[in-house]
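Enquirer: Just final22.cif, nothing more (mmCIF, C-alpha atoms):
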data_structure
loop_
_atom_site.label_atom_id
_atom_site.label_comp_id
_atom_site.auth_asym_id
_atom_site.auth_seq_id
_atom_site.Cartn_x
_atom_site.Cartn_y
_atom_site.Cartn_z
CA MET A 28 -48.12 -21.52 -33.40
CA ALA A 29 -45.86 -22.42 -30.62
CA LYS A 30 -46.46 -25.70 -29.06
CA ILE A 31 -46.44 -25.92 -25.38
CA ARG A 32 -44.63 -29.05 -24.49
CA LYS A 33 -45.26 -30.04 -21.01
CA ASP A 34 -44.70 -33.66 -20.99
CA GLU A 35 -41.09 -33.61 -22.13
CA LYS A 36 -38.57 -34.61 -19.52
CA ARG A 37 -36.06 -31.87 -19.02
CA GLU A 38 -32.65 -33.01 -18.09
CA MET A 39 -29.68 -30.89 -17.26
CA PRO A 40 -27.08 -31.56 -19.93
CA ALA A 41 -23.70 -32.63 -18.62
CA LEU A 42 -21.47 -29.65 -18.17
CA SER A 43 -18.75 -29.75 -20.75
CA THR A 44 -15.35 -29.65 -19.12
CA SER A 45 -13.45 -29.96 -22.33
CA SER A 46 -12.30 -26.33 -22.17
CA LEU A 47 -10.97 -26.68 -18.67
CA PRO A 48 -7.55 -27.95 -19.78
CA ASP A 49 -7.25 -25.01 -22.11
CA ILE A 50 -7.90 -22.57 -19.34
CA ILE A 51 -5.43 -24.28 -17.07
CA PHE A 52 -2.86 -24.36 -19.84
CA MET A 53 -3.29 -20.66 -20.29
CA LEU A 54 -2.57 -20.13 -16.62
CA LEU A 55 0.30 -22.55 -16.84
CA PHE A 56 1.89 -20.65 -19.71
CA PHE A 57 1.45 -17.41 -17.87
CA PHE A 58 3.33 -18.73 -14.87
CA MET A 59 5.97 -20.33 -17.03
CA ALA A 60 6.58 -17.04 -18.73
CA VAL A 61 6.87 -14.95 -15.60
CA THR A 62 8.92 -17.47 -13.69
CA THR A 63 12.48 -16.47 -13.29
CA LEU A 64 14.48 -19.35 -12.09
CA LYS A 65 16.80 -18.55 -9.28
CA GLU A 66 19.73 -16.44 -10.43
CA VAL A 67 22.34 -18.29 -8.46
CA THR A 68 22.68 -20.61 -5.56
CA PHE A 69 23.51 -18.51 -2.60
CA LYS A 70 26.65 -19.35 -0.78
CA VAL A 71 26.29 -16.43 1.54
CA LYS A 72 23.42 -15.60 3.82
CA ILE A 73 21.69 -12.36 2.96
CA SER A 74 18.89 -10.65 4.73
CA PRO A 75 18.56 -7.37 2.91
CA PRO A 76 18.30 -4.03 4.69
CA GLN A 77 15.02 -2.15 4.77
CA ALA A 78 14.23 1.15 3.16
CA THR A 79 11.31 3.15 1.85
CA GLU A 80 12.52 5.04 -1.21
CA LEU A 81 12.87 1.98 -3.37
CA GLN A 82 13.07 1.92 -7.10
CA LYS A 83 12.40 -1.10 -9.19
CA ILE A 84 15.17 -2.42 -11.34
CA GLU A 85 13.57 -2.45 -14.71
CA ASN A 86 15.67 -4.38 -17.12
CA LYS A 87 17.10 -7.46 -15.53
CA SER A 88 19.39 -8.26 -18.41
CA LEU A 89 21.35 -5.11 -17.64
CA VAL A 90 21.89 -5.97 -14.02
CA ARG A 91 24.72 -7.91 -12.46
CA TYR A 92 24.71 -8.81 -8.83
CA VAL A 93 27.33 -8.70 -6.14
CA TYR A 94 26.44 -10.61 -3.02
CA ILE A 95 27.96 -9.86 0.32
CA GLY A 96 27.27 -11.75 3.49
CA LYS A 97 28.45 -14.38 5.88
CA PRO A 98 29.03 -17.81 4.32
CA THR A 99 26.26 -20.31 4.89
CA LYS A 100 26.79 -23.22 7.26
CA GLU A 101 28.28 -25.66 4.81
CA PHE A 102 30.87 -23.14 3.66
CA ALA A 103 31.61 -21.62 7.03
CA ARG A 104 34.24 -24.23 7.80
CA VAL A 105 36.26 -23.44 4.71
CA TYR A 106 35.60 -19.76 4.30
CA GLY A 107 35.16 -18.67 7.88
CA THR A 108 32.39 -16.61 9.36
CA GLU A 109 33.46 -13.19 8.23
CA SER A 110 31.56 -11.42 5.44
CA ARG A 111 32.55 -12.61 1.99
CA ILE A 112 31.78 -11.60 -1.55
CA GLN A 113 30.02 -13.89 -3.97
CA LEU A 114 30.09 -13.23 -7.70
CA SER A 115 27.76 -15.31 -9.82
CA ASP A 116 28.33 -18.80 -8.40
CA ALA A 117 31.57 -18.58 -6.51
CA PHE A 118 33.27 -16.80 -3.70
CA ALA A 119 35.47 -14.01 -4.87
CA ASP A 120 37.93 -11.45 -3.70
CA ILE A 121 37.78 -7.73 -4.00
CA LYS A 122 40.37 -7.82 -6.75
CA ASP A 123 38.27 -10.24 -8.82
CA LEU A 124 35.41 -7.81 -8.89
CA GLU A 125 36.97 -5.38 -11.31
CA GLU A 126 37.76 -8.16 -13.74
CA TYR A 127 34.28 -9.62 -13.36
CA VAL A 128 32.64 -6.32 -14.18
CA VAL A 129 34.82 -5.76 -17.20
CA ASP A 130 34.16 -9.29 -18.47
CA GLU A 131 30.44 -9.02 -17.96
CA ARG A 132 30.33 -5.70 -19.68
CA SER A 133 32.23 -6.85 -22.71
CA ALA A 134 29.84 -9.79 -23.01
CA MET A 135 26.93 -7.41 -23.33
CA LYS A 136 25.66 -5.81 -26.47
CA GLU A 137 27.59 -2.73 -27.36
CA GLY A 138 24.66 -0.42 -27.03
CA ASP A 139 23.84 -1.70 -23.60
CA GLN A 140 27.29 -1.50 -22.14
CA GLY A 141 26.82 1.93 -20.69
CA LEU A 142 23.62 0.87 -19.00
CA LEU A 143 25.15 -1.85 -16.88
CA THR A 144 23.87 -1.64 -13.34
CA ILE A 145 25.51 -3.36 -10.44
CA SER A 146 23.16 -4.36 -7.72
CA ILE A 147 24.84 -4.66 -4.37
CA LYS A 148 23.02 -7.27 -2.38
CA ALA A 149 24.47 -7.15 1.04
CA ASP A 150 23.40 -8.47 4.37
CA LYS A 151 22.19 -5.78 6.69
CA ASP A 152 24.81 -6.59 9.31
CA THR A 153 27.74 -6.18 6.94
CA HIS A 154 30.34 -3.67 7.96
CA MET A 155 30.76 -0.68 5.71
CA GLY A 156 34.45 -1.32 5.19
CA ILE A 157 33.83 -4.08 2.66
CA ILE A 158 31.07 -2.09 0.95
CA THR A 159 33.38 0.87 0.58
CA ASP A 160 36.01 -1.39 -0.94
CA ILE A 161 33.46 -2.68 -3.42
CA LYS A 162 32.38 0.81 -4.33
CA GLN A 163 35.97 1.79 -4.96
CA ALA A 164 36.51 -1.28 -7.14
CA LEU A 165 33.36 -0.48 -9.10
CA ARG A 166 34.54 3.04 -9.65
CA ARG A 167 37.83 1.78 -11.00
CA ALA A 168 35.93 -0.55 -13.31
CA TYR A 169 33.81 2.37 -14.39
CA ALA A 170 30.59 0.68 -13.32
CA LEU A 171 29.03 3.79 -11.88
CA LYS A 172 25.39 2.86 -11.88
CA ILE A 173 24.70 0.96 -8.74
CA SER A 174 21.74 -0.03 -6.70
CA TYR A 175 21.72 -1.00 -3.07
CA ALA A 176 19.28 -3.88 -2.91
CA ALA A 177 16.77 -3.41 -0.14
CA VAL A 178 13.26 -4.44 0.76
CA LYS A 179 10.28 -2.35 1.67
CA ARG A 180 10.17 -1.31 5.27
CA THR A 181 6.92 -2.25 6.88
CA SER A 182 7.37 -0.58 10.23
CA TYR A 183 9.83 1.70 11.86
CA MET B 19 -16.49 -60.47 -43.26
CA GLY B 20 -18.32 -57.42 -44.03
CA LYS B 21 -17.27 -53.88 -43.61
CA SER B 22 -17.61 -53.26 -40.00
CA LYS B 23 -17.62 -49.67 -39.25
CA ARG B 24 -15.27 -49.31 -36.35
CA LYS B 25 -15.98 -46.28 -34.43
CA ILE B 26 -13.04 -44.92 -32.58
CA LYS B 27 -14.06 -44.07 -29.15
CA GLU B 28 -13.37 -40.57 -28.05
CA ILE B 29 -10.36 -40.36 -25.85
CA ASN B 30 -11.25 -39.47 -22.38
CA SER B 31 -9.60 -36.16 -21.75
CA SER B 32 -10.86 -35.50 -18.30
CA SER B 33 -7.48 -36.29 -16.80
CA MET B 34 -5.88 -33.64 -18.98
CA ALA B 35 -7.08 -31.03 -16.58
CA ASP B 36 -5.47 -32.85 -13.69
CA ILE B 37 -2.18 -33.11 -15.47
CA SER B 38 -2.11 -29.49 -16.32
CA PHE B 39 -3.16 -28.61 -12.80
CA LEU B 40 -0.17 -30.51 -11.56
CA LEU B 41 2.14 -28.58 -13.84
CA LEU B 42 0.47 -25.34 -12.88
CA ILE B 43 0.97 -26.00 -9.20
CA PHE B 44 4.59 -26.89 -9.80
CA PHE B 45 5.24 -23.57 -11.50
CA LEU B 46 3.25 -21.68 -8.92
CA VAL B 47 5.44 -23.07 -6.20
CA THR B 48 8.73 -22.51 -7.95
CA THR B 49 7.89 -19.03 -9.15
CA SER B 50 9.61 -16.33 -7.28
CA MET B 51 7.87 -13.22 -8.39
CA ASN B 52 10.37 -11.07 -6.61
CA VAL B 53 11.10 -7.86 -8.37
CA SER B 54 14.46 -6.56 -7.39
CA THR B 55 14.18 -3.25 -5.69
CA GLY B 56 16.85 -1.04 -4.34
CA LEU B 57 18.18 2.43 -3.84
CA SER B 58 19.69 3.59 -7.09
CA ARG B 59 22.79 5.67 -6.79
CA ARG B 60 25.49 6.90 -9.07
CA LEU B 61 29.12 6.61 -8.13
CA PRO B 62 31.57 9.36 -8.95
CA PRO B 63 34.02 8.55 -11.72
CA PRO B 64 37.37 7.29 -10.49
CA LEU B 65 40.17 9.68 -9.82
CA PRO B 66 42.86 9.46 -12.44
CA PRO B 67 45.93 7.70 -11.06
CA ASN B 68 48.69 9.82 -9.58
CA VAL B 69 46.31 12.67 -9.05
CA LYS B 70 45.78 13.51 -5.47
CA PRO B 71 42.22 14.34 -4.60
CA GLN B 72 41.94 18.05 -4.28
CA ASP B 73 40.37 19.85 -1.46
CA GLN B 74 37.42 21.52 -3.01
CA ASP B 75 36.66 24.94 -1.85
CA ILE B 76 33.17 24.76 -0.50
CA LYS B 77 31.79 27.41 1.73
CA LYS B 78 30.92 26.13 5.12
CA ARG B 79 27.32 27.19 4.87
CA ASN B 80 26.88 25.14 1.73
CA ILE B 81 27.88 21.87 3.25
CA PHE B 82 25.75 19.54 5.30
CA VAL B 83 27.84 16.98 7.09
CA VAL B 84 26.34 13.67 8.12
CA LYS B 85 28.63 11.32 9.98
CA VAL B 86 27.80 7.80 11.03
CA ASN B 87 30.12 6.21 13.54
CA MET B 88 30.89 2.60 14.35
CA MET B 89 28.04 2.51 16.87
CA ASN B 90 25.64 3.62 14.11
CA GLN B 91 25.13 6.95 15.83
CA LEU B 92 24.51 10.00 13.75
CA MET B 93 26.24 13.32 13.89
CA VAL B 94 24.56 15.93 11.74
CA GLN B 95 26.12 19.36 11.46
CA GLY B 96 27.93 18.80 14.72
CA GLN B 97 24.99 17.65 16.74
CA GLU B 98 23.82 14.21 17.62
CA MET B 99 20.59 13.19 16.03
CA SER B 100 18.37 10.22 15.41
CA VAL B 101 17.70 8.99 11.90
CA ARG B 102 14.08 10.07 12.06
CA GLN B 103 14.99 13.71 12.46
CA LEU B 104 17.44 13.62 9.60
CA LYS B 105 14.92 14.03 6.80
CA ASP B 106 13.41 17.25 8.10
CA LYS B 107 16.81 18.66 8.85
CA ALA B 108 18.01 17.81 5.37
CA LYS B 109 14.92 19.28 3.75
CA GLU B 110 15.36 22.47 5.70
CA PHE B 111 18.96 22.63 4.56
CA ILE B 112 18.32 21.92 0.89
CA GLN B 113 15.40 24.27 0.61
CA ASN B 114 16.55 27.18 2.78
CA GLU B 115 13.16 28.74 2.55
CA ALA B 116 13.82 31.74 4.76
CA ASN B 117 17.15 32.52 3.15
CA ASP B 118 18.96 31.94 6.40
CA PRO B 119 22.61 33.06 6.24
CA ASN B 120 23.65 29.81 7.92
CA LEU B 121 22.00 27.67 5.30
CA PRO B 122 23.21 27.34 1.69
CA GLU B 123 23.35 30.29 -0.63
CA LYS B 124 20.56 30.84 -3.06
CA THR B 125 21.20 31.72 -6.63
CA THR B 126 18.71 32.66 -9.26
CA VAL B 127 18.82 30.32 -12.19
CA ASN B 128 16.82 30.37 -15.35
CA ILE B 129 15.28 26.97 -15.89
CA ASP B 130 13.37 25.85 -18.90
CA LEU B 131 9.61 25.69 -18.28
CA LEU B 132 9.93 27.34 -14.91
CA GLY B 133 11.65 30.63 -15.61
CA ASN B 134 13.77 32.20 -12.92
CA VAL B 135 13.95 30.13 -9.80
CA GLU B 136 15.95 30.69 -6.67
CA ILE B 137 17.76 27.52 -5.84
CA THR B 138 20.49 26.37 -3.54
CA LYS B 139 22.71 25.39 -6.37
CA ASP B 140 25.92 24.80 -4.53
CA HIS B 141 24.71 22.81 -1.59
CA VAL B 142 26.41 19.52 -0.88
CA ILE B 143 25.43 16.80 1.51
CA SER B 144 28.52 15.07 2.69
CA LEU B 145 28.07 11.58 4.03
CA GLN B 146 30.88 10.03 6.00
CA ASN B 147 30.86 6.63 7.54
CA ASP B 148 33.16 4.52 9.61
CA VAL B 149 34.61 1.20 8.50
CA ASP B 150 32.57 -0.54 11.17
CA THR B 151 29.28 1.17 10.45
CA GLN B 152 26.52 -1.33 9.94
CA TYR B 153 25.17 -1.54 6.41
CA GLN B 154 21.59 -1.18 7.61
CA ALA B 155 22.44 2.11 9.31
CA TYR B 156 24.13 3.38 6.17
CA ILE B 157 21.15 2.43 4.03
CA GLU B 158 18.81 4.16 6.47
CA VAL B 159 20.78 7.37 6.22
CA GLN B 160 20.88 7.16 2.42
CA ASN B 161 17.18 6.42 2.44
CA GLU B 162 16.35 9.46 4.56
CA LEU B 163 18.44 11.72 2.37
CA ILE B 164 16.86 10.42 -0.82
CA SER B 165 13.45 10.72 0.72
CA ALA B 166 14.19 14.35 1.64
CA TYR B 167 14.92 15.06 -2.02
CA ASN B 168 11.89 13.11 -3.19
CA GLU B 169 9.59 14.98 -0.86
CA LEU B 170 10.96 18.33 -1.93
CA ARG B 171 10.54 17.40 -5.57
CA ASN B 172 7.02 16.19 -4.95
CA GLU B 173 6.06 19.34 -3.12
CA PHE B 174 7.48 21.48 -5.85
CA ALA B 175 5.79 19.45 -8.56
CA MET B 176 2.47 19.72 -6.76
CA GLN B 177 2.85 23.43 -6.43
CA LYS B 178 3.91 24.09 -10.02
CA PHE B 179 2.20 21.42 -12.06
CA GLY B 180 -0.41 20.05 -9.69
CA LYS B 181 0.86 16.53 -10.05
CA LYS B 182 3.26 14.26 -8.28
CA TYR B 183 6.80 14.17 -9.55
CA ASP B 184 6.52 10.60 -10.77
CA GLU B 185 3.46 11.38 -12.85
CA LEU B 186 5.03 14.25 -14.74
CA PRO B 187 6.34 13.98 -18.28
CA GLU B 188 10.07 13.69 -18.65
CA ARG B 189 10.69 17.30 -19.57
CA GLU B 190 9.05 18.59 -16.46
CA GLN B 191 10.87 16.06 -14.35
CA MET B 192 14.14 17.31 -15.75
CA ALA B 193 13.21 20.84 -14.83
CA ILE B 194 12.46 19.84 -11.27
CA GLN B 195 15.68 17.87 -11.11
CA GLN B 196 17.46 21.09 -11.86
CA VAL B 197 15.68 22.82 -9.02
CA TYR B 198 16.57 20.10 -6.56
CA PRO B 199 19.61 18.29 -7.87
CA GLN B 200 20.67 15.33 -5.76
CA LYS B 201 24.02 16.14 -4.34
CA ILE B 202 25.01 13.48 -1.92
CA SER B 203 28.72 13.28 -1.73
CA GLU B 204 30.55 10.50 -0.03
CA ALA B 205 33.94 10.79 1.52
CA GLU B 206 36.85 9.24 -0.26
CA PRO B 207 37.85 6.46 2.06
CA LYS B 208 40.77 7.47 4.18
CA ASN B 209 43.20 4.79 3.09
CA TYR B 210 42.80 5.63 -0.59
CA GLY B 211 43.10 9.36 -0.70
CA GLY B 212 42.32 11.24 2.40
CA ILE B 213 40.22 14.15 1.36
CA LYS B 214 36.55 14.04 0.87
CA ASN B 215 35.45 15.11 -2.51
CA GLY B 216 33.89 12.01 -3.99
CA LYS B 217 30.61 13.22 -5.34
CA ASN B 218 27.82 10.77 -5.63
#
Please rewrite the model in this file as structure tokens.
Expert:
Amino acid sequence: MAKIRKDEKREMPALSTSSLPDIIFMLLFFFMAVTTLKEVTFKVKISPPQATELQKIENKSLVRYVYIGKPTKEFARVYGTESRIQLSDAFADIKDLEEYVVDERSAMKEGDQGLLTISIKADKDTHMGIITDIKQALRRAYALKISYAAVKRTSY
Amino acid sequence: MGKSKRKIKEINSSSMADISFLLLIFFLVTTSMNVSTGLSRRLPPPLPPNVKPQDQDIKKRNIFVVKVNMMNQLMVQGQEMSVRQLKDKAKEFIQNEANDPNLPEKTTVNIDLLGNVEITKDHVISLQNDVDTQYQAYIEVQNELISAYNELRNEFAMQKFGKKYDELPEREQMAIQQVYPQKISEAEPKNYGGIKNGKN
């Protein structure tokens, strides 16, 4: 028969926290995996234009970026305040773009070469002249898939 | 000396959590979870060298001209307009529901899955901008035009398949793409060729 123990002192056992590190590590690994370190250091200032019909760029390894904007303060003295192009980590000219695209494409896997997407990240105050030049250069380099980087518009 | 059983004390691991918290917070702060988004477009292939761009013969009723000037003002089919009106105007043009003789011609095309459909096959939206047009204005115009197409596709998908365009299987999406093909053409810049036939 079951004994009814009344006299025994009941104490709350200490809560085991030994699994806490494991949980935190799990979170840690999650964030480590999803973290993408900054692509480049920006030398131009970009505040992207706003739009509503946005599409996500799925495969980042197939994307190369072209940045267009006014040079940041520390470069303004050397490069002026007009809109400039930045390719990977350096300022570039329109005529470098074609070469850059061709180089980047040949560095990719052969099967992926046709899928190369150029994302044009331009400041919203850029004049269209420079964008048109870039589009022409991209056409000559046969990089026809492009994406105009933009952010979601929150209000009209 | 006798055998003294030395018990190793358990290592206190309570600080482990703190250490990993520290790391966690570091990664939380440095993480930029930004997904790149943008308006996807396709550029027309380059013109072969030494070939002058040809003036394509497009009937006037089939062409929808959108011009953006250096002051970011819009001229649509010869009349001034604000960006917000552009979408409806474009939809009206692309669809040509009432078979208006001033809007693009309709041709009957046999499409897989859908059978015979009357579509405005030859319509072209021509987008022209000035060198000094602001990028934001250009993107807004592109955005409105794309959204006109997306809305038309969605409406059609709803009507035919009862689902949104994005939720349809690929084959049905292809069929709808044939009904409303995106035909946004951008002018060849003046200093390169002169005549506008660059399809996008």
Enquirer: Output the residue selection produced by the PyMOL selection byres ((chain A) within 7 of (chain B)) on the file above, formatted as a PyMOL selection string.
Expert: chain A and resi 47-48+51-52+55+58-59+62-63+76+78-84+151-156+166-167+169+171-178
Enquirer: Between CA of Asp130 (chain B) and CA of Glu188 (chain B), what is the distance, to one decimal in Å?
Expert: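 Taking CA of Asp130 (chain B) and CA of Glu188 (chain B), their separation equals 12.6 Å.
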Enquirer: In Å, rounded to a single decimal, give me how far CA of Asp106 (chain B) is from CA of Leu121 (chain B).
Expert: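 If I compute the distance from CA of Leu121 (chain B) to CA of Asp106 (chain B), I get 13.8 Å.
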Enquirer: Starting from the point (36.4, -0.1, -5.0), work out which residues of protein, DNA or RNA have an atom no more than 10 Å away when counting all atoms listed in the file; state them as a PyMOL selection string.
Expert: (chain A and resi 121-122+124-125+157-168) or (chain B and resi 64+207+210)
Enquirer: I'd like the interatomic distance between CA of Met192 (chain B) and CA of Leu132 (chain B), to a tenth of an Å.
Expert: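 If I compute the distance from CA of Met192 (chain B) to CA of Leu132 (chain B), I get 10.9 Å.
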Enquirer: Applying 9 Å and only C-alpha atoms, which residues near Gly107 (chain A) remain after dropping the ones on its own chain fewer than 4 positions away? List them as a ChimeraX atom specification.
Expert: /A:97-98,102-103,111
Enquirer: Would you list the contacts of Asp116 (chain A) as a list of chain:residue names, taking every protein, DNA or RNA residue within 8 Å and counting all atoms listed in the file, but skipping same-chain residues closer than 4 positions in sequence?
Expert: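 Returned residues: A:Val67, A:Thr68, A:Phe69, A:Lys70.
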Enquirer: Set up a box along x, y and z of the file covering all listed atoms of region 72-88 of chain B, add 8 Å on every one of the six sides, and write the centre and edge lengths in Å to one decimal, as JSON.
Expert:
{"center_x": 33.8, "center_y": 15.0, "center_z": 5.0, "size_x": 32.2, "size_y": 40.8, "size_z": 34.6}
Enquirer: Taking 5 positions as the minimum chain separation for residues in the same chain, which residues sit within 12 Å of Ala193 (chain B) when counting all atoms listed in the file? Answer as a ChimeraX atom specification.
Expert: /B:127-135,171,174-175,178-179,183,186-188,198-199
Enquirer: May I have the residues within 12 Å of Gln97 (chain B) as a PyMOL selection string, using all atoms listed in the file and disregarding those fewer than 6 positions away in the same chain?
Expert: chain B and resi 82-86+91+103-104+107
Enquirer: Any chance you can output those residues with C-alpha atoms as a JSON list (two decimals), in the coordinates of the input?
Expert:
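Result went into out10.json, see below:
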[["chain", "number", "residue", "atom", "x", "y", "z"],
["B", 82, "PHE", "CA", 25.75, 19.54, 5.30],
["B", 83, "VAL", "CA", 27.84, 16.98, 7.09],
["B", 84, "VAL", "CA", 26.34, 13.67, 8.12],
["B", 85, "LYS", "CA", 28.63, 11.32, 9.98],
["B", 86, "VAL", "CA", 27.80, 7.80, 11.03],
["B", 91, "GLN", "CA", 25.13, 6.95, 15.83],
["B", 103, "GLN", "CA", 14.99, 13.71, 12.46],
["B", 104, "LEU", "CA", 17.44, 13.62, 9.60],
["B", 107, "LYS", "CA", 16.81, 18.66, 8.85]]
Enquirer: Take the PyMOL selection byres ((chain A and resi 141-148) around 7), run it mentally on this structure, and tell me the resulting residues as a VMD selection string.
Expert: chain A and resid 75 89 to 95 139 to 140 149 to 150 170 172 to 176
Enquirer: Using all atoms listed in the file, which of A:Val128, A:Val71, A:Met135, A:Leu54 sits nearest Gln113 (chain A)?
Expert: A:Val71
Enquirer: With the PyMOL selection byres ((chain B and resi 201) around 7) as the selection, what would be picked from this file? Answer as a PyMOL selection string, please.
Expert: chain B and resi 142-143+199-200+202-203+218
